[in-house]
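Note: the block below is query-v1.txt and it holds compact mmCIF, C-alpha atoms and all ligand atoms.
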# COMPACT_ATOMS: atom_id res chain seq x y z
CA MET A 161 23.91 5.74 0.79
CA SER A 162 26.53 5.17 -1.97
CA ASP A 163 24.27 2.82 -3.90
CA PHE A 164 21.20 4.96 -3.41
CA ALA A 165 21.60 6.82 -6.72
CA ALA A 166 21.70 3.49 -8.53
CA ARG A 167 18.59 2.22 -6.72
CA LEU A 168 16.77 5.46 -7.48
CA ALA A 169 17.74 5.31 -11.17
CA ALA A 170 16.59 1.69 -11.36
CA THR A 171 13.25 2.61 -9.79
CA VAL A 172 12.67 5.45 -12.26
CA SER A 173 13.60 3.11 -15.10
CA ILE A 174 11.06 0.52 -13.92
CA LEU A 175 8.33 3.16 -13.63
CA GLU A 176 9.11 4.42 -17.15
CA LYS A 177 8.94 0.88 -18.48
CA ILE A 178 5.57 0.31 -16.80
CA ALA A 179 4.19 3.56 -18.22
CA THR A 180 5.26 2.74 -21.77
CA GLU A 181 4.97 -1.05 -21.99
CA PHE A 182 2.14 -1.86 -19.56
CA SER A 183 -0.37 0.91 -20.13
CA PRO A 184 -2.92 1.27 -18.68
CA ALA A 185 -1.20 0.89 -15.33
CA VAL A 186 -2.16 2.08 -11.86
CA PHE A 187 -0.40 2.69 -8.58
CA ALA A 188 -2.18 1.63 -5.37
CA SER A 189 -1.19 4.23 -2.78
CA SER A 190 -1.74 3.75 0.95
CA LEU A 191 -0.56 7.37 1.38
CA ALA A 192 2.30 6.18 3.63
CA ALA A 193 5.97 7.14 3.19
CA GLU A 194 6.98 4.58 0.53
CA ASP A 195 3.91 5.45 -1.48
CA MET A 196 4.66 9.15 -1.30
CA VAL A 197 8.08 8.40 -2.83
CA LEU A 198 6.38 6.65 -5.74
CA THR A 199 3.73 9.38 -6.00
CA ASP A 200 6.48 11.99 -6.24
CA LEU A 201 8.42 10.01 -8.87
CA ILE A 202 5.33 9.33 -11.01
CA LEU A 203 4.16 12.95 -10.94
CA ARG A 204 7.64 14.52 -11.12
CA HIS A 205 8.42 12.49 -14.26
CA LYS A 206 4.90 12.99 -15.65
CA LEU A 207 4.46 9.26 -16.16
CA ASN A 208 1.25 7.88 -17.60
CA ILE A 209 0.30 5.94 -14.45
CA GLY A 210 -2.93 6.55 -12.54
CA ILE A 211 -2.79 6.84 -8.75
CA PHE A 212 -5.61 5.55 -6.56
CA SER A 213 -6.20 4.90 -2.88
CA LEU A 214 -8.61 2.69 -0.96
CA GLU A 215 -10.75 4.86 1.29
CA THR A 216 -11.84 2.13 3.69
CA GLY A 217 -13.94 4.41 5.92
CA ARG A 218 -11.64 3.63 8.86
CA LEU A 219 -8.54 5.69 8.01
CA HIS A 220 -6.80 8.15 10.36
CA LYS A 221 -7.53 11.83 9.76
CA GLU A 222 -3.77 12.29 9.20
CA THR A 223 -3.92 9.78 6.33
CA LEU A 224 -6.97 11.41 4.77
CA SER A 225 -5.29 14.82 4.98
CA MET A 226 -2.60 13.51 2.61
CA LEU A 227 -5.14 13.70 -0.20
CA ASP A 228 -5.30 17.49 0.19
CA ARG A 229 -1.53 17.73 0.54
CA ILE A 230 -1.03 15.84 -2.71
CA LYS A 231 -3.52 18.14 -4.40
CA GLU A 232 -1.74 21.24 -3.03
CA THR A 233 1.76 19.99 -3.87
CA TYR A 234 1.25 18.35 -7.24
CA ASP A 235 -2.14 19.66 -8.40
CA TYR A 236 -3.20 16.00 -8.64
CA GLU A 237 -6.32 14.29 -7.33
CA VAL A 238 -5.84 10.74 -6.15
CA GLU A 239 -8.75 8.56 -7.26
CA LEU A 240 -10.61 7.03 -4.32
CA TYR A 241 -12.25 3.62 -4.20
CA LYS A 242 -14.70 3.00 -1.35
CA PRO A 243 -16.34 -0.20 -0.09
CA GLU A 244 -19.90 -1.10 -1.09
CA THR A 245 -22.25 0.53 1.43
CA ASP A 246 -24.56 -2.50 1.64
CA ALA A 247 -21.66 -4.87 2.39
CA VAL A 248 -20.32 -2.60 5.15
CA ASN A 249 -23.77 -2.16 6.71
CA SER A 250 -24.44 -5.89 6.62
CA TYR A 251 -21.11 -6.71 8.31
CA VAL A 252 -21.61 -4.10 11.01
CA GLN A 253 -25.22 -5.13 11.68
CA GLN A 254 -24.38 -8.83 11.88
CA HIS A 255 -21.03 -8.71 13.69
CA GLY A 256 -20.48 -5.22 15.10
CA LEU A 257 -18.36 -2.24 14.04
CA ASN A 258 -15.10 -3.66 15.40
CA ALA A 259 -15.64 -7.41 14.96
CA PHE A 260 -12.20 -7.69 13.31
CA TYR A 261 -10.72 -7.97 16.82
CA ASP A 262 -12.71 -11.19 17.44
CA SER A 263 -10.94 -13.56 15.03
CA VAL A 264 -8.66 -13.72 12.00
CA GLU A 265 -11.71 -14.73 9.94
CA MET A 266 -13.67 -11.64 11.02
CA ARG A 267 -10.63 -9.47 10.33
CA LYS A 268 -10.15 -10.92 6.85
CA GLU A 269 -13.84 -10.47 6.08
CA CYS A 270 -13.63 -6.81 7.05
CA CYS A 271 -10.50 -6.41 4.89
CA ARG A 272 -12.26 -8.21 2.04
CA ILE A 273 -15.19 -5.79 2.16
CA ARG A 274 -13.26 -2.60 2.80
CA LYS A 275 -10.07 -3.29 0.81
CA VAL A 276 -10.00 -6.37 -1.41
CA GLU A 277 -13.29 -5.81 -3.25
CA PRO A 278 -12.58 -2.10 -3.88
CA LEU A 279 -9.05 -3.04 -4.98
CA ASN A 280 -10.44 -5.49 -7.53
CA ARG A 281 -12.63 -2.71 -8.92
CA ALA A 282 -9.68 -0.32 -9.06
CA LEU A 283 -7.49 -2.82 -10.90
CA SER A 284 -10.11 -3.90 -13.39
CA GLY A 285 -9.18 -3.07 -16.99
CA ASN A 286 -5.50 -2.41 -16.29
CA LYS A 287 -2.45 -4.33 -17.50
CA ALA A 288 -0.29 -3.69 -14.44
CA TRP A 289 -0.40 -2.35 -10.94
CA ILE A 290 2.26 -0.95 -8.64
CA THR A 291 2.81 -1.14 -4.90
CA GLY A 292 5.28 0.51 -2.51
CA GLN A 293 6.19 -2.75 -0.76
CA ARG A 294 9.79 -3.34 0.33
CA ARG A 295 11.48 -6.64 1.22
CA ALA A 296 12.72 -5.31 4.55
CA GLN A 297 9.22 -4.50 5.81
CA SER A 298 8.30 -7.93 7.14
CA ALA A 299 8.86 -11.69 7.07
CA THR A 300 5.99 -12.07 4.62
CA ARG A 301 7.77 -9.78 2.13
CA ALA A 302 11.31 -11.24 2.35
CA GLU A 303 11.13 -12.82 -1.12
CA LEU A 304 9.34 -9.95 -2.82
CA ALA A 305 10.28 -9.58 -6.51
CA VAL A 306 10.33 -6.35 -8.53
CA GLN A 307 7.96 -7.86 -11.08
CA GLU A 308 5.44 -10.56 -10.31
CA ASP A 309 2.83 -12.45 -12.26
CA ASP A 310 -0.36 -11.57 -10.38
CA VAL A 311 -2.40 -14.61 -11.28
CA ALA A 312 -5.42 -13.60 -9.19
CA HIS A 313 -5.83 -10.31 -11.06
CA ALA A 314 -4.52 -11.59 -14.40
CA MET A 315 -2.00 -8.79 -14.70
CA GLN A 316 1.57 -7.85 -13.83
CA LYS A 317 2.37 -6.46 -10.40
CA PHE A 318 5.41 -4.25 -9.83
CA ASN A 319 7.19 -3.41 -6.57
CA PRO A 320 9.72 -0.76 -7.68
CA LEU A 321 11.01 -0.13 -4.14
CA THR A 322 11.74 -3.80 -3.46
CA ASP A 323 15.37 -3.30 -2.41
CA TRP A 324 15.03 0.16 -0.83
CA SER A 325 15.83 0.48 2.87
CA GLU A 326 13.82 2.61 5.28
CA ASP A 327 16.77 5.05 5.27
CA ASP A 328 16.52 5.26 1.46
CA VAL A 329 12.84 6.17 1.71
CA TRP A 330 13.43 8.96 4.22
CA HIS A 331 16.52 10.21 2.40
CA TYR A 332 14.42 10.64 -0.75
CA ILE A 333 11.54 12.29 1.13
CA ARG A 334 13.75 14.81 2.93
CA SER A 335 15.99 15.51 -0.09
CA ASN A 336 13.00 16.26 -2.31
CA ASN A 337 10.71 17.90 0.24
CA VAL A 338 8.04 15.26 -0.35
CA PRO A 339 4.93 15.65 1.84
CA TYR A 340 4.44 12.74 4.24
CA ASN A 341 1.88 11.40 6.69
CA ALA A 342 2.21 13.05 10.13
CA LEU A 343 1.70 9.64 11.79
CA HIS A 344 5.25 8.70 10.80
CA ASP A 345 6.50 11.26 13.34
CA LYS A 346 4.33 9.65 16.04
CA GLY A 347 5.79 6.13 15.95
CA TYR A 348 3.85 4.69 13.01
CA PRO A 349 6.30 3.31 10.38
CA SER A 350 3.48 1.31 8.75
CA ILE A 351 0.03 2.83 8.35
CA GLY A 352 -3.31 1.17 7.73
CA CYS A 353 -6.81 1.60 9.12
CA GLU A 354 -7.02 3.51 12.41
CA PRO A 355 -8.42 0.70 14.63
CA CYS A 356 -5.91 -1.82 13.24
CA THR A 357 -2.71 0.22 13.48
CA ARG A 358 -0.80 1.32 16.55
CA ALA A 359 2.49 3.10 17.21
CA ILE A 360 5.53 0.87 17.83
CA GLN A 361 8.47 1.12 20.20
CA PRO A 362 12.06 1.67 18.97
CA GLY A 363 13.54 -1.68 17.87
CA GLU A 364 10.20 -3.32 17.10
CA ASP A 365 9.56 -4.74 13.62
CA VAL A 366 8.24 -2.00 11.32
CA ARG A 367 4.97 -3.88 10.82
CA ALA A 368 4.54 -4.81 14.49
CA GLY A 369 1.87 -2.13 14.79
CA ARG A 370 -0.37 -3.65 12.12
CA TRP A 371 -3.01 -6.14 13.40
CA TRP A 372 -0.78 -6.42 16.47
CA TRP A 373 -3.11 -8.89 18.19
CA GLU A 374 -2.49 -11.54 15.48
CA ASN A 375 0.47 -13.83 14.65
CA PRO A 376 3.05 -12.32 12.24
CA GLU A 377 2.24 -15.01 9.65
CA SER A 378 -1.36 -13.71 9.38
CA LYS A 379 -0.45 -10.08 8.87
CA GLU A 380 -1.43 -9.39 5.30
CA CYS A 381 -4.70 -7.79 4.33
CA GLY A 382 -5.41 -9.96 1.31
CA LEU A 383 -4.18 -7.42 -1.19
CA HIS A 384 -0.97 -9.32 -1.85
CA VAL A 385 -2.20 -12.86 -1.41
CA VAL A 386 -4.27 -15.26 -3.48
CA ASP A 387 -7.50 -16.79 -2.16
CA GLY A 388 -6.76 -15.51 1.31
CA LYS A 389 -3.52 -17.49 1.60
CA LEU A 390 0.08 -16.37 1.41
CA VAL A 391 1.33 -17.92 -1.80
CA ARG A 392 4.54 -17.59 -3.74
CA ILE A 393 3.75 -15.47 -6.78
CA LYS A 394 5.79 -16.42 -9.82
CA SER A 395 8.66 -13.99 -10.39
CA ILE A 396 9.53 -12.91 -13.92
S1 LIG B 401 -7.43 -3.02 8.38
FE1 LIG B 401 -8.98 -3.31 10.03
S2 LIG B 401 -10.62 -1.78 9.71
FE2 LIG B 401 -9.31 -1.85 7.86
S3 LIG B 401 -10.37 -3.22 6.50
FE3 LIG B 401 -8.89 -4.50 7.59
S4 LIG B 401 -9.92 -5.25 9.46
FE4 LIG B 401 -11.19 -3.61 8.56
Please express what this file holds, its structure, as structure tokens.
Ligand code: SF4
Amino acid sequence: MSDFAARLAATVSILEKIATEFSPAVFASSLAAEDMVLTDLILRHKLNIGIFSLETGRLHKETLSMLDRIKETYDYEVELYKPETDAVNSYVQQHGLNAFYDSVEMRKECCRIRKVEPLNRALSGNKAWITGQRRAQSATRAELAVQEDDVAHAMQKFNPLTDWSEDDVWHYIRSNNVPYNALHDKGYPSIGCEPCTRAIQPGEDVRAGRWWWENPESKECGLHVVDGKLVRIKSI
């Protein structure tokens, strides 16, 4: 934990730079542990960065309850972006409520409707966006950079927790009494939609519980990829 203070200071410095040099900027919060660290830092330091979340319509009740906990703790209302009702109804009528289990294509189409399209709306008009991704979370994030040129959204993308470990995240949360999703205490290190996330066993990869029926190489929701493919985004 000796280098933790330096990593924390670097993260605050990045957030301050985003707030001053890349305004308007927004933080996409999944309401999971990493994102609660960033929420706390943004609100604690009163940074000019908006916080939003994608309310897919399939989230756990524990995840949704974080919205009230953020309001109680910080007197801040996270902005919610929801999928288009017609698109959801059309998908469900044509394919079924849980068709994402049938194929990678069906899963990506559900993610496109419930996450990617609302994300595009949320990002529109901003110069930069922020995520809570860390390199250690999965094979698909091993080369994650702190700042990336997000070509698809024509803006900068920042990952201020890039080099944080899971221990760093929990050290910050416990040291600062940050509210966190109750699912983390039930074996869920990574949290997404309820039907697509399961608890993992000790020793399993932290993202093993996400879309567990698919190959690891397929396990991104389209929010951090371009045209549905994992591509190397140019680092600055
Ligand atoms: S994570 Fe699952 S339920 Fe959520 S949008 Fe993607 S496929 Fe649909």
Please report as CSV every residue of chain A lying within 7 Å of ligand LIG 401 (chain B), along with the nearest atom pair and their distance in Å (one decimal), using all atoms listed in the file.
residue,atom,partner,partner_atom,distance
A:Thr216,CA,B:LIG401,S3,6.2
A:Arg218,CA,B:LIG401,S2,5.6
A:Phe260,CA,B:LIG401,S4,5.1
A:Arg267,CA,B:LIG401,S4,4.4
A:Lys268,CA,B:LIG401,S4,6.2
A:Cys270,CA,B:LIG401,FE4,4.3
A:Cys271,CA,B:LIG401,S3,3.6
A:Arg272,CA,B:LIG401,S3,7.0
A:Ile273,CA,B:LIG401,S3,7.0
A:Arg274,CA,B:LIG401,S3,4.7
A:Lys275,CA,B:LIG401,S3,5.7
A:Gly352,CA,B:LIG401,S1,5.9
A:Cys353,CA,B:LIG401,FE2,4.4
A:Glu354,CA,B:LIG401,S2,6.9
A:Pro355,CA,B:LIG401,S2,5.9
A:Cys356,CA,B:LIG401,FE1,4.7
A:Cys381,CA,B:LIG401,FE3,6.2
Next on the checklist: So the first atom is atom CA of Thr291 of chain A and the second is atom CA of Ala259 of chain A; what is the distance between them in Å, to one decimal place?
Outcome noted: 27.8 Å
Checklist entry - Which one is closest to Ala192 of chain A: A:Trp324, A:Leu279, A:Ala314, A:Leu224? Count all atoms listed in the file. => result A:Leu224
Next on the checklist: Please determine, counting all atoms listed in the file, which residue among A:Leu219, A:Leu191, A:Leu257, A:Val248 has the shortest atom-to-atom distance to His344 of chain A.
Outcome noted: A:Leu191
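The coordinates place atom CA of Val306 of chain A at 12.6 Å from atom CA of Val172 of chain A.
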Sorted by chain and rising residue number, which residues of segment 218-320 of chain A lie within 9 Å of segment 199-205 of chain A, and what are their closest atom pairs and distances in Å to one decimal, counting all atoms listed in the file, as JSON lines?
{"residue": "A:Ile230", "atom": "CA", "partner": "A:Thr199", "partner_atom": "CA", "distance": 8.7}
{"residue": "A:Tyr234", "atom": "CA", "partner": "A:Leu203", "partner_atom": "CA", "distance": 7.2}
{"residue": "A:Tyr236", "atom": "CA", "partner": "A:Leu203", "partner_atom": "CA", "distance": 8.3}
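Using all atoms listed in the file for every distance, the candidate list A:Asn286, A:Ser190, A:Ser173, A:Gln316 yields A:Ser190 as the residue closest to His220 of chain A.
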Item to check | Separation of atom CA of Ala165 of chain A from atom CA of Tyr332 of chain A, in Å and rounded to one decimal | outcome: 10.1 Å
Checklist entry - Out of A:Ile351, A:Val329, A:Val338, A:Val366, which residue has the shortest atom-to-atom distance to Gln297 of chain A when counting all atoms listed in the file? => result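 The shortest atom-to-atom distance to Gln297 of chain A comes from A:Val366.
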Where is the centre and how long are the edges: axis-aligned box on segment 301-310 of chain A, 8 Å on each side, Å to one decimal, as AutoDock Vina command-line options:
--center_x 5.5 --center_y -9.6 --center_z -5.0 --size_x 27.7 --size_y 22.5 --size_z 30.6
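Among the candidate residues A:Gly217, A:Asp345, A:Met196, A:Ser335, the one lying nearest to Asn249 of chain A is A:Gly217, with distances computed using all atoms listed in the file.
Counting all atoms listed in the file, the residue from A:Gly347, A:Val311, A:Ser263, A:Gln293 that sits nearest to Asp323 of chain A is A:Gln293.
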Next on the checklist: Neighbouring residues of Ile360 of chain A were defined as those with any atom within 9 Å, considering only C-alpha atoms; residues of the same chain fewer than 2 positions away were excluded. Please report them as a list in words.
Outcome noted: Gly347, Tyr348, Pro349, Arg358, Pro362, Gly363, Glu364, Asp365, Val366, Arg367, Ala368 and Gly369 of chain A
Render segment 234-302 of chain A from the structure in the preceding block as a file of C-alpha atoms, as a PDB file, in the first residue's frame.
ATOM      1  CA  TYR A 234     -23.624  13.326  -1.145  1.00  0.00           C
ATOM      2  CA  ASP A 235     -26.935  15.106  -1.814  1.00  0.00           C
ATOM      3  CA  TYR A 236     -26.322  14.350  -5.500  1.00  0.00           C
ATOM      4  CA  GLU A 237     -28.669  12.867  -8.084  1.00  0.00           C
ATOM      5  CA  VAL A 238     -27.040  10.653 -10.663  1.00  0.00           C
ATOM      6  CA  GLU A 239     -28.499  11.321 -14.108  1.00  0.00           C
ATOM      7  CA  LEU A 240     -30.136   8.231 -15.599  1.00  0.00           C
ATOM      8  CA  TYR A 241     -30.222   7.248 -19.260  1.00  0.00           C
ATOM      9  CA  LYS A 242     -32.738   4.570 -20.252  1.00  0.00           C
ATOM     10  CA  PRO A 243     -33.149   2.568 -23.469  1.00  0.00           C
ATOM     11  CA  GLU A 244     -35.729   3.565 -26.078  1.00  0.00           C
ATOM     12  CA  THR A 245     -39.009   1.851 -25.159  1.00  0.00           C
ATOM     13  CA  ASP A 246     -39.865   0.955 -28.768  1.00  0.00           C
ATOM     14  CA  ALA A 247     -36.483  -0.708 -29.340  1.00  0.00           C
ATOM     15  CA  VAL A 248     -36.788  -2.779 -26.150  1.00  0.00           C
ATOM     16  CA  ASN A 249     -40.362  -3.833 -26.964  1.00  0.00           C
ATOM     17  CA  SER A 250     -39.408  -4.791 -30.509  1.00  0.00           C
ATOM     18  CA  TYR A 251     -36.466  -6.932 -29.328  1.00  0.00           C
ATOM     19  CA  VAL A 252     -38.548  -8.690 -26.689  1.00  0.00           C
ATOM     20  CA  GLN A 253     -41.467  -9.320 -29.060  1.00  0.00           C
ATOM     21  CA  GLN A 254     -39.247 -10.675 -31.830  1.00  0.00           C
ATOM     22  CA  HIS A 255     -36.704 -12.653 -29.801  1.00  0.00           C
ATOM     23  CA  GLY A 256     -37.931 -13.006 -26.221  1.00  0.00           C
ATOM     24  CA  LEU A 257     -37.050 -11.308 -22.938  1.00  0.00           C
ATOM     25  CA  ASN A 258     -33.849 -13.304 -22.378  1.00  0.00           C
ATOM     26  CA  ALA A 259     -32.702 -13.943 -25.962  1.00  0.00           C
ATOM     27  CA  PHE A 260     -29.196 -12.748 -25.027  1.00  0.00           C
ATOM     28  CA  TYR A 261     -28.493 -16.302 -23.811  1.00  0.00           C
ATOM     29  CA  ASP A 262     -29.072 -17.673 -27.345  1.00  0.00           C
ATOM     30  CA  SER A 263     -26.030 -16.228 -29.135  1.00  0.00           C
ATOM     31  CA  VAL A 264     -23.306 -13.590 -28.934  1.00  0.00           C
ATOM     32  CA  GLU A 265     -25.172 -11.667 -31.651  1.00  0.00           C
ATOM     33  CA  MET A 266     -28.403 -11.611 -29.621  1.00  0.00           C
ATOM     34  CA  ARG A 267     -26.453 -10.574 -26.534  1.00  0.00           C
ATOM     35  CA  LYS A 268     -24.710  -7.742 -28.356  1.00  0.00           C
ATOM     36  CA  GLU A 269     -28.007  -6.549 -29.810  1.00  0.00           C
ATOM     37  CA  CYS A 270     -29.524  -6.410 -26.330  1.00  0.00           C
ATOM     38  CA  CYS A 271     -26.456  -4.508 -25.070  1.00  0.00           C
ATOM     39  CA  ARG A 272     -26.691  -2.182 -28.061  1.00  0.00           C
ATOM     40  CA  ILE A 273     -30.305  -1.321 -27.267  1.00  0.00           C
ATOM     41  CA  ARG A 274     -30.027  -1.154 -23.492  1.00  0.00           C
ATOM     42  CA  LYS A 275     -26.495   0.252 -23.108  1.00  0.00           C
ATOM     43  CA  VAL A 276     -24.721   1.453 -26.238  1.00  0.00           C
ATOM     44  CA  GLU A 277     -27.487   3.657 -27.659  1.00  0.00           C
ATOM     45  CA  PRO A 278     -28.244   5.289 -24.275  1.00  0.00           C
ATOM     46  CA  LEU A 279     -24.491   5.753 -23.745  1.00  0.00           C
ATOM     47  CA  ASN A 280     -24.192   7.569 -27.061  1.00  0.00           C
ATOM     48  CA  ARG A 281     -26.992   9.904 -25.971  1.00  0.00           C
ATOM     49  CA  ALA A 282     -25.316  10.489 -22.601  1.00  0.00           C
ATOM     50  CA  LEU A 283     -21.963  11.316 -24.198  1.00  0.00           C
ATOM     51  CA  SER A 284     -23.336  13.594 -26.874  1.00  0.00           C
ATOM     52  CA  GLY A 285     -22.097  17.181 -26.554  1.00  0.00           C
ATOM     53  CA  ASN A 286     -19.241  16.388 -24.169  1.00  0.00           C
ATOM     54  CA  LYS A 287     -15.496  16.710 -24.723  1.00  0.00           C
ATOM     55  CA  ALA A 288     -14.478  13.802 -22.504  1.00  0.00           C
ATOM     56  CA  TRP A 289     -15.853  10.871 -20.600  1.00  0.00           C
ATOM     57  CA  ILE A 290     -14.535   8.871 -17.675  1.00  0.00           C
ATOM     58  CA  THR A 291     -14.754   5.210 -16.737  1.00  0.00           C
ATOM     59  CA  GLY A 292     -13.728   3.207 -13.662  1.00  0.00           C
ATOM     60  CA  GLN A 293     -11.946   0.494 -15.666  1.00  0.00           C
ATOM     61  CA  ARG A 294      -8.737  -1.026 -14.301  1.00  0.00           C
ATOM     62  CA  ARG A 295      -6.071  -2.996 -16.191  1.00  0.00           C
ATOM     63  CA  ALA A 296      -6.208  -5.873 -13.726  1.00  0.00           C
ATOM     64  CA  GLN A 297      -9.903  -6.532 -14.322  1.00  0.00           C
ATOM     65  CA  SER A 298      -9.601  -8.732 -17.400  1.00  0.00           C
ATOM     66  CA  ALA A 299      -7.544  -9.823 -20.400  1.00  0.00           C
ATOM     67  CA  THR A 300      -9.436  -7.357 -22.577  1.00  0.00           C
ATOM     68  CA  ARG A 301      -8.265  -4.468 -20.368  1.00  0.00           C
ATOM     69  CA  ALA A 302      -4.571  -5.410 -19.982  1.00  0.00           C
TER      70      ALA A 302
END
